[in-house]
$ cat model-v2.txt   # compact mmCIF, N, CA and C atoms
# COMPACT_ATOMS: atom_id res chain seq x y z
N ASP A 731 0.83 -1.18 0.00
CA ASP A 731 0.00 0.00 0.00
C ASP A 731 0.88 1.25 0.00
N VAL A 732 0.35 2.30 -0.62
CA VAL A 732 1.08 3.56 -0.74
C VAL A 732 0.16 4.71 -0.35
N MET A 733 0.73 5.70 0.32
CA MET A 733 -0.03 6.90 0.61
C MET A 733 0.67 8.10 -0.02
N GLN A 734 -0.11 9.11 -0.35
CA GLN A 734 0.43 10.33 -0.94
C GLN A 734 0.28 11.46 0.07
N VAL A 735 1.38 12.18 0.31
CA VAL A 735 1.36 13.29 1.26
C VAL A 735 2.03 14.51 0.66
N ARG A 736 1.61 15.67 1.14
CA ARG A 736 2.29 16.91 0.74
C ARG A 736 3.50 17.07 1.65
N TYR A 737 4.67 17.12 1.04
CA TYR A 737 5.92 17.22 1.81
C TYR A 737 6.97 17.83 0.91
N ASN A 738 7.53 18.95 1.34
CA ASN A 738 8.58 19.60 0.58
C ASN A 738 9.34 20.56 1.49
N LEU A 739 10.25 21.30 0.93
CA LEU A 739 11.06 22.23 1.71
C LEU A 739 10.23 23.26 2.48
N ILE A 740 9.13 23.68 1.91
CA ILE A 740 8.29 24.69 2.55
C ILE A 740 7.29 24.05 3.50
N TYR A 741 6.64 22.98 3.06
CA TYR A 741 5.61 22.34 3.86
C TYR A 741 6.15 21.03 4.43
N GLN A 742 6.58 21.07 5.69
CA GLN A 742 7.23 19.91 6.31
C GLN A 742 6.41 19.28 7.42
N ALA A 743 5.15 19.64 7.55
CA ALA A 743 4.32 19.12 8.64
C ALA A 743 4.26 17.59 8.64
N ALA A 744 4.28 16.97 7.48
CA ALA A 744 4.21 15.51 7.41
C ALA A 744 5.37 14.85 8.15
N ALA A 745 6.48 15.53 8.26
CA ALA A 745 7.66 14.97 8.93
C ALA A 745 7.43 14.78 10.43
N LEU A 746 6.51 15.52 11.00
CA LEU A 746 6.26 15.42 12.44
C LEU A 746 5.58 14.11 12.84
N HIS A 747 4.60 13.68 12.06
CA HIS A 747 3.83 12.50 12.45
C HIS A 747 3.57 11.53 11.29
N VAL A 748 3.04 12.04 10.21
CA VAL A 748 2.55 11.19 9.13
C VAL A 748 3.63 10.28 8.56
N LEU A 749 4.81 10.80 8.30
CA LEU A 749 5.86 9.97 7.72
C LEU A 749 6.30 8.86 8.67
N ASN A 750 6.36 9.17 9.95
CA ASN A 750 6.72 8.13 10.93
C ASN A 750 5.63 7.08 11.05
N GLN A 751 4.37 7.51 11.01
CA GLN A 751 3.26 6.57 11.09
C GLN A 751 3.22 5.68 9.85
N ALA A 752 3.50 6.25 8.69
CA ALA A 752 3.54 5.46 7.46
C ALA A 752 4.66 4.42 7.53
N LYS A 753 5.80 4.83 8.04
CA LYS A 753 6.92 3.90 8.18
C LYS A 753 6.56 2.76 9.13
N ALA A 754 5.95 3.09 10.26
CA ALA A 754 5.55 2.08 11.24
C ALA A 754 4.53 1.10 10.66
N ALA A 755 3.68 1.58 9.76
CA ALA A 755 2.66 0.74 9.13
C ALA A 755 3.18 0.06 7.87
N ASP A 756 4.45 0.26 7.55
CA ASP A 756 5.09 -0.31 6.36
C ASP A 756 4.38 0.12 5.07
N LEU A 757 4.01 1.39 5.03
CA LEU A 757 3.38 1.97 3.84
C LEU A 757 4.42 2.68 3.00
N GLY A 758 4.26 2.60 1.70
CA GLY A 758 5.08 3.40 0.81
C GLY A 758 4.58 4.83 0.86
N VAL A 759 5.47 5.79 0.62
CA VAL A 759 5.09 7.20 0.65
C VAL A 759 5.49 7.87 -0.65
N ALA A 760 4.49 8.48 -1.30
CA ALA A 760 4.72 9.31 -2.48
C ALA A 760 4.45 10.75 -2.06
N THR A 761 5.32 11.66 -2.46
CA THR A 761 5.12 13.06 -2.09
C THR A 761 4.52 13.84 -3.25
N MET A 762 3.56 14.69 -2.92
CA MET A 762 3.02 15.61 -3.92
C MET A 762 3.56 17.00 -3.61
N ARG A 763 3.57 17.84 -4.59
CA ARG A 763 4.11 19.20 -4.45
C ARG A 763 5.58 19.16 -4.06
N THR A 764 6.28 18.15 -4.52
CA THR A 764 7.69 17.95 -4.22
C THR A 764 8.51 19.19 -4.55
N MET A 765 8.20 19.81 -5.67
CA MET A 765 8.97 20.96 -6.13
C MET A 765 8.35 22.28 -5.66
N THR A 766 7.49 22.23 -4.68
CA THR A 766 6.83 23.37 -4.04
C THR A 766 5.91 24.15 -4.97
N SER A 767 5.55 23.56 -6.10
CA SER A 767 4.69 24.22 -7.08
C SER A 767 5.24 25.58 -7.49
N GLY A 768 6.56 25.72 -7.44
CA GLY A 768 7.21 26.97 -7.82
C GLY A 768 7.22 28.03 -6.73
N MET A 769 6.61 27.72 -5.58
CA MET A 769 6.53 28.71 -4.49
C MET A 769 7.92 29.06 -3.95
N LEU A 770 8.77 28.07 -3.76
CA LEU A 770 10.13 28.33 -3.26
C LEU A 770 10.87 29.28 -4.19
N GLN A 771 10.73 29.07 -5.48
CA GLN A 771 11.40 29.91 -6.45
C GLN A 771 10.86 31.34 -6.41
N ARG A 772 9.55 31.49 -6.26
CA ARG A 772 8.96 32.83 -6.18
C ARG A 772 9.39 33.55 -4.90
N ILE A 773 9.44 32.82 -3.80
CA ILE A 773 9.89 33.43 -2.54
C ILE A 773 11.33 33.89 -2.67
N ALA A 774 12.19 33.03 -3.18
CA ALA A 774 13.61 33.37 -3.33
C ALA A 774 13.79 34.56 -4.26
N GLN A 775 12.97 34.64 -5.28
CA GLN A 775 13.06 35.74 -6.24
C GLN A 775 12.86 37.09 -5.54
N HIS A 776 11.98 37.11 -4.55
CA HIS A 776 11.69 38.35 -3.84
C HIS A 776 12.64 38.61 -2.68
N LEU A 777 13.04 37.56 -1.98
CA LEU A 777 13.89 37.73 -0.80
C LEU A 777 15.37 37.81 -1.13
N ALA A 778 15.78 37.12 -2.18
CA ALA A 778 17.21 37.08 -2.52
C ALA A 778 17.37 37.14 -4.04
N PRO A 779 17.05 38.29 -4.65
CA PRO A 779 17.17 38.42 -6.10
C PRO A 779 18.58 38.04 -6.56
N GLY A 780 18.64 37.27 -7.61
CA GLY A 780 19.94 36.86 -8.15
C GLY A 780 20.48 35.58 -7.55
N TRP A 781 19.96 35.17 -6.40
CA TRP A 781 20.45 33.96 -5.75
C TRP A 781 20.20 32.73 -6.61
N GLN A 782 19.05 32.72 -7.28
CA GLN A 782 18.71 31.57 -8.12
C GLN A 782 19.65 31.42 -9.31
N ASP A 783 20.28 32.51 -9.72
CA ASP A 783 21.22 32.41 -10.83
C ASP A 783 22.41 31.54 -10.47
N ALA A 784 22.75 31.50 -9.18
CA ALA A 784 23.90 30.71 -8.73
C ALA A 784 23.49 29.39 -8.09
N ASN A 785 22.22 29.20 -7.83
CA ASN A 785 21.74 28.00 -7.15
C ASN A 785 20.49 27.47 -7.83
N ASP A 786 20.42 26.18 -8.04
CA ASP A 786 19.27 25.56 -8.68
C ASP A 786 18.27 25.10 -7.62
N LEU A 787 17.25 25.90 -7.39
CA LEU A 787 16.28 25.60 -6.34
C LEU A 787 15.46 24.35 -6.65
N TYR A 788 15.26 24.04 -7.91
CA TYR A 788 14.55 22.81 -8.26
C TYR A 788 15.35 21.60 -7.78
N THR A 789 16.66 21.64 -7.99
CA THR A 789 17.52 20.55 -7.54
C THR A 789 17.49 20.45 -6.02
N VAL A 790 17.58 21.58 -5.35
CA VAL A 790 17.55 21.60 -3.88
C VAL A 790 16.23 21.00 -3.38
N ALA A 791 15.11 21.40 -3.97
CA ALA A 791 13.81 20.90 -3.54
C ALA A 791 13.70 19.39 -3.74
N LEU A 792 14.17 18.89 -4.87
CA LEU A 792 14.11 17.45 -5.13
C LEU A 792 15.07 16.69 -4.21
N GLN A 793 16.25 17.23 -4.00
CA GLN A 793 17.22 16.57 -3.12
C GLN A 793 16.70 16.50 -1.68
N PHE A 794 15.99 17.51 -1.25
CA PHE A 794 15.42 17.50 0.10
C PHE A 794 14.53 16.29 0.29
N VAL A 795 13.59 16.08 -0.63
CA VAL A 795 12.65 14.96 -0.50
C VAL A 795 13.37 13.63 -0.69
N LEU A 796 14.29 13.56 -1.64
CA LEU A 796 15.04 12.31 -1.87
C LEU A 796 15.93 11.95 -0.68
N SER A 797 16.24 12.92 0.15
CA SER A 797 17.11 12.68 1.31
C SER A 797 16.37 12.16 2.53
N ASP A 798 15.06 11.98 2.43
CA ASP A 798 14.29 11.46 3.56
C ASP A 798 14.01 9.98 3.32
N SER A 799 14.57 9.13 4.17
CA SER A 799 14.45 7.68 3.99
C SER A 799 13.02 7.16 4.10
N ARG A 800 12.10 7.98 4.60
CA ARG A 800 10.71 7.55 4.72
C ARG A 800 9.93 7.78 3.43
N VAL A 801 10.53 8.47 2.48
CA VAL A 801 9.88 8.77 1.20
C VAL A 801 10.38 7.79 0.14
N HIS A 802 9.44 7.24 -0.61
CA HIS A 802 9.79 6.26 -1.64
C HIS A 802 9.66 6.81 -3.05
N LEU A 803 8.79 7.79 -3.24
CA LEU A 803 8.53 8.30 -4.58
C LEU A 803 8.18 9.78 -4.54
N PRO A 804 9.07 10.64 -5.02
CA PRO A 804 8.70 12.05 -5.13
C PRO A 804 7.98 12.27 -6.46
N ILE A 805 6.77 12.77 -6.39
CA ILE A 805 6.02 13.06 -7.61
C ILE A 805 6.47 14.43 -8.11
N VAL A 806 6.93 14.46 -9.34
CA VAL A 806 7.49 15.68 -9.92
C VAL A 806 6.82 15.93 -11.27
N GLY A 807 6.10 17.04 -11.39
CA GLY A 807 5.52 17.39 -12.66
C GLY A 807 6.58 18.01 -13.57
N MET A 808 6.56 17.60 -14.82
CA MET A 808 7.55 18.12 -15.78
C MET A 808 6.82 18.50 -17.07
N ARG A 809 7.20 19.64 -17.62
CA ARG A 809 6.55 20.13 -18.83
C ARG A 809 7.42 20.03 -20.07
N TRP A 810 8.73 19.95 -19.89
CA TRP A 810 9.63 20.01 -21.02
C TRP A 810 10.61 18.84 -20.98
N PRO A 811 11.04 18.35 -22.13
CA PRO A 811 12.01 17.24 -22.16
C PRO A 811 13.28 17.54 -21.36
N GLU A 812 13.69 18.80 -21.34
CA GLU A 812 14.89 19.17 -20.59
C GLU A 812 14.70 18.93 -19.09
N GLU A 813 13.48 19.18 -18.61
CA GLU A 813 13.19 18.94 -17.19
C GLU A 813 13.25 17.45 -16.87
N VAL A 814 12.74 16.63 -17.77
CA VAL A 814 12.79 15.18 -17.58
C VAL A 814 14.24 14.72 -17.51
N ALA A 815 15.05 15.16 -18.46
CA ALA A 815 16.46 14.77 -18.50
C ALA A 815 17.20 15.23 -17.24
N ARG A 816 16.94 16.45 -16.81
CA ARG A 816 17.59 16.98 -15.60
C ARG A 816 17.23 16.16 -14.37
N ASN A 817 15.95 15.85 -14.22
CA ASN A 817 15.51 15.10 -13.04
C ASN A 817 16.02 13.66 -13.06
N VAL A 818 16.03 13.03 -14.22
CA VAL A 818 16.55 11.67 -14.32
C VAL A 818 18.03 11.65 -13.96
N ALA A 819 18.79 12.61 -14.48
CA ALA A 819 20.23 12.67 -14.17
C ALA A 819 20.45 12.88 -12.67
N LEU A 820 19.64 13.71 -12.06
CA LEU A 820 19.78 13.96 -10.63
C LEU A 820 19.50 12.68 -9.83
N VAL A 821 18.42 12.02 -10.14
CA VAL A 821 18.04 10.81 -9.40
C VAL A 821 19.05 9.69 -9.60
N GLU A 822 19.54 9.53 -10.81
CA GLU A 822 20.51 8.46 -11.09
C GLU A 822 21.80 8.63 -10.32
N ASN A 823 22.22 9.85 -10.09
CA ASN A 823 23.52 10.11 -9.47
C ASN A 823 23.45 10.57 -8.02
N PHE A 824 22.27 10.71 -7.48
CA PHE A 824 22.14 11.32 -6.15
C PHE A 824 22.35 10.32 -5.03
N GLN A 825 23.23 10.68 -4.11
CA GLN A 825 23.45 9.93 -2.87
C GLN A 825 23.27 10.92 -1.72
N PRO A 826 22.23 10.76 -0.92
CA PRO A 826 22.01 11.72 0.17
C PRO A 826 23.18 11.75 1.14
N SER A 827 23.56 12.93 1.56
CA SER A 827 24.64 13.05 2.54
C SER A 827 24.08 13.04 3.96
N TYR A 828 22.76 13.13 4.09
CA TYR A 828 22.12 13.17 5.40
C TYR A 828 20.70 12.64 5.25
N ASP A 829 20.22 11.90 6.23
CA ASP A 829 18.84 11.42 6.21
C ASP A 829 17.95 12.45 6.88
N MET A 830 17.11 13.11 6.10
CA MET A 830 16.23 14.15 6.63
C MET A 830 15.27 13.60 7.68
N ALA A 831 15.06 12.29 7.72
CA ALA A 831 14.22 11.69 8.75
C ALA A 831 14.81 11.92 10.14
N ALA A 832 16.12 12.10 10.22
CA ALA A 832 16.80 12.30 11.50
C ALA A 832 16.84 13.77 11.92
N LEU A 833 16.41 14.66 11.06
CA LEU A 833 16.45 16.09 11.35
C LEU A 833 15.42 16.46 12.41
N PRO A 834 15.84 17.11 13.51
CA PRO A 834 14.85 17.53 14.52
C PRO A 834 13.88 18.53 13.90
N ARG A 835 12.59 18.38 14.18
CA ARG A 835 11.57 19.26 13.61
C ARG A 835 11.01 20.24 14.63
N LEU A 836 11.21 19.97 15.89
CA LEU A 836 10.68 20.85 16.93
C LEU A 836 11.82 21.61 17.58
N THR A 837 11.53 22.79 18.07
CA THR A 837 12.57 23.65 18.64
C THR A 837 13.39 22.94 19.71
N ALA A 838 12.74 22.21 20.61
CA ALA A 838 13.46 21.52 21.68
C ALA A 838 14.48 20.55 21.10
N GLY A 839 14.10 19.83 20.06
CA GLY A 839 15.02 18.88 19.44
C GLY A 839 16.17 19.58 18.74
N ILE A 840 15.90 20.71 18.14
CA ILE A 840 16.96 21.47 17.46
C ILE A 840 17.97 21.97 18.47
N TYR A 841 17.47 22.58 19.55
CA TYR A 841 18.39 23.07 20.59
C TYR A 841 19.18 21.93 21.21
N ARG A 842 18.52 20.81 21.48
CA ARG A 842 19.19 19.67 22.09
C ARG A 842 20.32 19.16 21.20
N SER A 843 20.05 19.03 19.89
CA SER A 843 21.09 18.54 18.97
C SER A 843 22.24 19.54 18.87
N GLU A 844 21.94 20.83 18.91
CA GLU A 844 23.00 21.84 18.88
C GLU A 844 23.82 21.79 20.17
N ASP A 845 23.15 21.64 21.31
CA ASP A 845 23.85 21.56 22.60
C ASP A 845 24.74 20.33 22.67
N GLU A 846 24.26 19.20 22.17
CA GLU A 846 25.05 17.97 22.18
C GLU A 846 26.29 18.12 21.30
N GLY A 847 26.15 18.87 20.21
CA GLY A 847 27.28 19.09 19.31
C GLY A 847 28.37 19.94 19.93
N LYS A 848 28.00 20.78 20.91
CA LYS A 848 28.98 21.65 21.57
C LYS A 848 29.59 21.01 22.81
N ALA A 849 28.96 19.94 23.29
CA ALA A 849 29.45 19.30 24.53
C ALA A 849 30.71 18.50 24.28
$ encode --input "model-v2.txt" --output "structure tokens"
Amino acid sequence: DVMQVRYNLIYQAAALHVLNQAKAADLGVATMRTMTSGMLQRIAQHLAPGWQDANDLYTVALQFVLSDSRVHLPIVGMRWPEEVARNVALVENFQPSYDMAALPRLTAGIYRSEDEGKA
């Protein structure tokens, strides 16, 4: 069985409960709005003009979801052959450097992990 959840760089609420519950129930997880429906790019355009010229936010958004071991399938809409080729190349060569499932999501967990790192 597979469930579909909204999970991306902007909307991470699923990481608090749903993804762990799906893992415990041995459910596959497909993410919708993986690429933030362009919202991340629009936000960056206003907050950090020119930043996107040096950084590929689509790659960052896809890598974020691919880096979570609880996710099995990121759903990515593509309109152009170039987008398909880019995404296939990314997935074929991508090795996550960190499991986003281990990332603290609540303030207490973030502070605790930072404090442990300084001890």
$ closest_residue --input "model-v2.txt" --among "A:Asp731, A:Asp829, A:Asp783, A:Glu813" --to "A:Leu796" --atoms "only C-alpha atoms"
A:Asp829
$ atom_distance --input "model-v2.txt" --atom1 "atom N of A:His747" --atom2 "atom N of A:Ala791"
20.7 Å
$ residues_near_point --input "model-v2.txt" --point "(9.0, 7.9, 3.5)" --cutoff "8 Å" --atoms "only N, CA and C atoms" --output "list in words"
Val748, Leu749, Asn750, Ala752, Lys753, Leu757, Gly758, Val759, Ala760, Thr761, Asp798, Ser799, Arg800, Val801, His802 and Leu803 of chain A
$ atom_distance --input "model-v2.txt" --atom1 "atom CA of A:Arg763" --atom2 "atom CA of A:Tyr841"
29.1 Å
$ atom_distance --input "model-v2.txt" --atom1 "atom N of A:Ser797" --atom2 "atom N of A:Glu822"
11.9 Å
$ select_by_dssp --input "model-v2.txt" --residues "chain A" --states "alpha helix (DSSP H)" --output "ChimeraX atom specification"
/A:748-754,769-777,781-784,787-796,811-823,837-848
$ decode --input "model-v2.txt" --residues "stretch 764-815 of chain A" --atoms "C-alpha atoms" --output "JSON list (two decimals), in the first residue's frame"
[["chain", "number", "residue", "atom", "x", "y", "z"],
["A", 764, "THR", "CA", 7.69, 17.95, -4.22],
["A", 765, "MET", "CA", 8.97, 20.96, -6.13],
["A", 766, "THR", "CA", 6.83, 23.37, -4.04],
["A", 767, "SER", "CA", 4.69, 24.22, -7.08],
["A", 768, "GLY", "CA", 7.21, 26.97, -7.82],
["A", 769, "MET", "CA", 6.53, 28.71, -4.49],
["A", 770, "LEU", "CA", 10.13, 28.33, -3.26],
["A", 771, "GLN", "CA", 11.40, 29.91, -6.45],
["A", 772, "ARG", "CA", 8.96, 32.83, -6.18],
["A", 773, "ILE", "CA", 9.89, 33.43, -2.54],
["A", 774, "ALA", "CA", 13.61, 33.37, -3.33],
["A", 775, "GLN", "CA", 13.06, 35.74, -6.24],
["A", 776, "HIS", "CA", 11.69, 38.35, -3.84],
["A", 777, "LEU", "CA", 13.89, 37.73, -0.80],
["A", 778, "ALA", "CA", 17.21, 37.08, -2.52],
["A", 779, "PRO", "CA", 17.17, 38.42, -6.10],
["A", 780, "GLY", "CA", 19.94, 36.86, -8.15],
["A", 781, "TRP", "CA", 20.45, 33.96, -5.75],
["A", 782, "GLN", "CA", 18.71, 31.57, -8.12],
["A", 783, "ASP", "CA", 21.22, 32.41, -10.83],
["A", 784, "ALA", "CA", 23.90, 30.71, -8.73],
["A", 785, "ASN", "CA", 21.74, 28.00, -7.15],
["A", 786, "ASP", "CA", 19.27, 25.56, -8.68],
["A", 787, "LEU", "CA", 16.28, 25.60, -6.34],
["A", 788, "TYR", "CA", 14.55, 22.81, -8.26],
["A", 789, "THR", "CA", 17.52, 20.55, -7.54],
["A", 790, "VAL", "CA", 17.55, 21.60, -3.88],
["A", 791, "ALA", "CA", 13.81, 20.90, -3.54],
["A", 792, "LEU", "CA", 14.11, 17.45, -5.13],
["A", 793, "GLN", "CA", 17.22, 16.57, -3.12],
["A", 794, "PHE", "CA", 15.42, 17.50, 0.10],
["A", 795, "VAL", "CA", 12.65, 14.96, -0.50],
["A", 796, "LEU", "CA", 15.04, 12.31, -1.87],
["A", 797, "SER", "CA", 17.11, 12.68, 1.31],
["A", 798, "ASP", "CA", 14.29, 11.46, 3.56],
["A", 799, "SER", "CA", 14.45, 7.68, 3.99],
["A", 800, "ARG", "CA", 10.71, 7.55, 4.72],
["A", 801, "VAL", "CA", 9.88, 8.77, 1.20],
["A", 802, "HIS", "CA", 9.79, 6.26, -1.64],
["A", 803, "LEU", "CA", 8.53, 8.30, -4.58],
["A", 804, "PRO", "CA", 8.70, 12.05, -5.13],
["A", 805, "ILE", "CA", 6.02, 13.06, -7.61],
["A", 806, "VAL", "CA", 7.49, 15.68, -9.92],
["A", 807, "GLY", "CA", 5.52, 17.39, -12.66],
["A", 808, "MET", "CA", 7.55, 18.12, -15.78],
["A", 809, "ARG", "CA", 6.55, 20.13, -18.83],
["A", 810, "TRP", "CA", 9.63, 20.01, -21.02],
["A", 811, "PRO", "CA", 12.01, 17.24, -22.16],
["A", 812, "GLU", "CA", 14.89, 19.17, -20.59],
["A", 813, "GLU", "CA", 13.19, 18.94, -17.19],
["A", 814, "VAL", "CA", 12.79, 15.18, -17.58],
["A", 815, "ALA", "CA", 16.46, 14.77, -18.50]]
